[in-house]
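S.K.: Pasting a structure below so you can have a look.
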Amino acid sequence: MSASAPELRDLARAIAHEGANLAREMQLGGIDVADTKTSVVDVVTEADRAVETLIRERISALRPDDAILGEEGDDLPGTSGVRWIVDPIDGTVNYLYGLPDCAVSVAVEVDGEVVAGAVVTIPTGLEYAAALGHGSTRDGQPIGVRRTPPLAERLVLTGFGYQRAVREHQAGCVARLLPEVRDIRRMGSCALDLCHVAEGSADGYVEAGPQPWDHSAGGLVLREAGGRFDLLDGKMTRDSPSQRNVVVGAPADGWDTFVEALGAAGFLA
């Protein structure tokens with residue numbers, strides 16, 4: 001079942017909105033932790049599971065031959081060459097506490113390349129979307145990265161992993177980077193952080209450990225907005241092999257300087 005990148009983007013948008021609506025409704029009734037994953041602070045709520053189930057059902061009904069990779073469920077194989085990458089709630093801790101930076105993220109790969117994606121915030125339904133070769137939008141309006149200022153004037157977004165050794169290493173890196181930039185923010189959602197860089201409300205993003213469901217849709221939004229997005233090797237430590245997966249995003253014109261600063265701070269190998 002073939003479809004163009006804009007068609008897949010529009011389907012991802014519709015499905016992400018439906019998931020965000022369900023998460024918003026469930027939040028009104030009160031949210032409790034249902035389980036933990038890699039550590040006691042890496043939580044899962046019943047809403048995470050319910051939203052992913054809803055999204056999987058919608059995709060399977062509309063495109064039964066497609067594969068699905070979701071954060072909370074088993075991988076579903078497919079035969080079409082199309083794979084959906086789903087984070088039912090990116091920023092689950094924010095969602096649990098009622099903080100605004102949480103979203104449903106839905107991306108679509110074709111033959112291993114991300115070609116479409118949508119990130120929809122749960123509190124307001126604000127939507128970021130992109131299709132390969134067709135630009136990025138915020139609630140339907142085109143967006144683009146801001147012109148990169150000198151390093152000392154850049155606002156950088158970051159995040160922290162859930163395992164103790166990873167968090168300790170990241171804290172040291174942030175402490176070394178902070179004096180070199182305007183400031184650092186930790187918002188709590190990889191997908192939205194990448195979208196913030198894409199819309200020009202931040203100058204860069206770095207975090208070790210996010211998974212494909214965290215960054216696939218937001219990474220495409222950033223690329224299509226004129227930015228760069230990549231997975232770079234981090235410094236290995238005995239207890240934190242996930243350091244090899246460092247997500248970096250920034251406007252293209254400031255990329256080299258940003259990556260150099262990340263290396264000096266200890267984020268990168």
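Numbering starts fresh at 1 for the residues of each chain in the structure tokens, the chains themselves are lettered A, B, ... in the order given, and ligands are numbered from 1 as they appear.
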Determine, counting only C-alpha atoms, which protein, DNA and RNA residues have an atom within 12 Å of an atom of A:Glu7; residues of the same chain fewer than 5 positions away are not included. Present the result as number ranges by chain.
M.R.: A: 1-2, 12-14, 108, 115-117, 129-132, 134
S.K.: Could you write out that same residue set with N, CA and C atoms as a PDB file, in the first residue's frame?
M.R.:
ATOM      1  N   MET A   1       0.855  -1.188   0.000  1.00  0.00           N
ATOM      2  CA  MET A   1       0.000   0.000   0.000  1.00  0.00           C
ATOM      3  C   MET A   1       0.890   1.237   0.000  1.00  0.00           C
ATOM      4  N   SER A   2       1.078   1.849  -1.148  1.00  0.00           N
ATOM      5  CA  SER A   2       1.981   2.981  -1.270  1.00  0.00           C
ATOM      6  C   SER A   2       1.277   4.262  -0.855  1.00  0.00           C
ATOM      7  N   ALA A  12      -0.200  10.594  10.066  1.00  0.00           N
ATOM      8  CA  ALA A  12       0.473  10.665  11.366  1.00  0.00           C
ATOM      9  C   ALA A  12      -0.107  11.787  12.212  1.00  0.00           C
ATOM     10  N   ARG A  13      -0.396  12.902  11.601  1.00  0.00           N
ATOM     11  CA  ARG A  13      -1.006  14.035  12.332  1.00  0.00           C
ATOM     12  C   ARG A  13      -2.344  13.628  12.927  1.00  0.00           C
ATOM     13  N   ALA A  14      -3.192  13.032  12.123  1.00  0.00           N
ATOM     14  CA  ALA A  14      -4.525  12.658  12.592  1.00  0.00           C
ATOM     15  C   ALA A  14      -4.449  11.654  13.737  1.00  0.00           C
ATOM     16  N   VAL A 108       7.070   8.061  10.572  1.00  0.00           N
ATOM     17  CA  VAL A 108       6.908   7.009   9.577  1.00  0.00           C
ATOM     18  C   VAL A 108       8.205   6.864   8.787  1.00  0.00           C
ATOM     19  N   VAL A 115      10.326   9.645   6.742  1.00  0.00           N
ATOM     20  CA  VAL A 115       9.790  10.521   5.690  1.00  0.00           C
ATOM     21  C   VAL A 115       8.631  11.377   6.168  1.00  0.00           C
ATOM     22  N   ALA A 116       8.091  11.090   7.343  1.00  0.00           N
ATOM     23  CA  ALA A 116       6.947  11.850   7.832  1.00  0.00           C
ATOM     24  C   ALA A 116       6.901  11.772   9.342  1.00  0.00           C
ATOM     25  N   GLY A 117       6.329  12.792   9.963  1.00  0.00           N
ATOM     26  CA  GLY A 117       6.218  12.756  11.409  1.00  0.00           C
ATOM     27  C   GLY A 117       5.323  13.849  11.934  1.00  0.00           C
ATOM     28  N   ALA A 129       4.666  19.211  12.541  1.00  0.00           N
ATOM     29  CA  ALA A 129       4.601  18.142  11.551  1.00  0.00           C
ATOM     30  C   ALA A 129       5.594  18.407  10.431  1.00  0.00           C
ATOM     31  N   ALA A 130       5.993  17.329   9.746  1.00  0.00           N
ATOM     32  CA  ALA A 130       6.924  17.454   8.627  1.00  0.00           C
ATOM     33  C   ALA A 130       6.772  16.273   7.690  1.00  0.00           C
ATOM     34  N   ALA A 131       7.069  16.529   6.421  1.00  0.00           N
ATOM     35  CA  ALA A 131       7.171  15.479   5.408  1.00  0.00           C
ATOM     36  C   ALA A 131       8.472  15.713   4.656  1.00  0.00           C
ATOM     37  N   LEU A 132       9.190  14.650   4.365  1.00  0.00           N
ATOM     38  CA  LEU A 132      10.490  14.760   3.716  1.00  0.00           C
ATOM     39  C   LEU A 132      10.370  15.539   2.408  1.00  0.00           C
ATOM     40  N   HIS A 134       9.226  18.551   2.103  1.00  0.00           N
ATOM     41  CA  HIS A 134       8.066  19.450   2.085  1.00  0.00           C
ATOM     42  C   HIS A 134       8.031  20.412   3.261  1.00  0.00           C
TER      43      HIS A 134
END
S.K.: Which neighbours of stretch 118-127 of chain A fall inside 9 Å, counting only C-alpha atoms, when residues of the same chain fewer than 3 positions from it are skipped, and could you give them as a ChimeraX atom specification?
M.R.: /A:9-10,12-17,19-24,89,95,98-107,130,137-140,191-192,195,217-218,221
S.K.: Would you mind telling me which residue in A:Ser136, A:Thr45, A:Cys173, A:Ser216 lies nearest to A:Ile85 when using only C-alpha atoms?
M.R.: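 Looking only at the distances to A:Ile85, the closest residue turns out to be A:Ser216.
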S.K.: Considering only C-alpha atoms, state which residue in the set A:Ala61, A:Val206, A:Leu151, A:Ile55 is at the smallest distance from A:Gly73.
M.R.: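 Ranking A:Ala61, A:Val206, A:Leu151, A:Ile55 by distance to A:Gly73, first place goes to A:Ile55.
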S.K.: Can you work out the spacing between atom CA of A:Val181 and atom CA of A:His196 in Å, to one decimal?
M.R.: 17.2 Å
S.K.: Which of these residues is nearest to A:Pro212, using only C-alpha atoms: A:Arg49, A:Asp74, A:Leu231, A:Arg186?
M.R.: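 Closest candidate: A:Leu231.
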S.K.: Go through A:Met187, A:Ala264, A:Leu28, A:Val174 and flag the residue nearest A:Asp90, using only C-alpha atoms for the distances.
M.R.: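 Residue with the minimum atom-to-atom distance to A:Asp90: A:Met187.
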S.K.: Of the candidates A:Gly159, A:Gly144, A:Pro6, A:Gly91, which shows the shortest atom-to-atom distance to A:Leu222, using only C-alpha atoms?
M.R.: A:Gly144
S.K.: What residues in stretch 22-226 of chain A get the DSSP label strand (DSSP E or B)? Please answer as number ranges by chain.
M.R.: A: 33-36, 43-45, 67-70, 76, 82-90, 103-110, 113-121, 127-131, 136-138, 141-142, 155-158, 183-186, 204-208
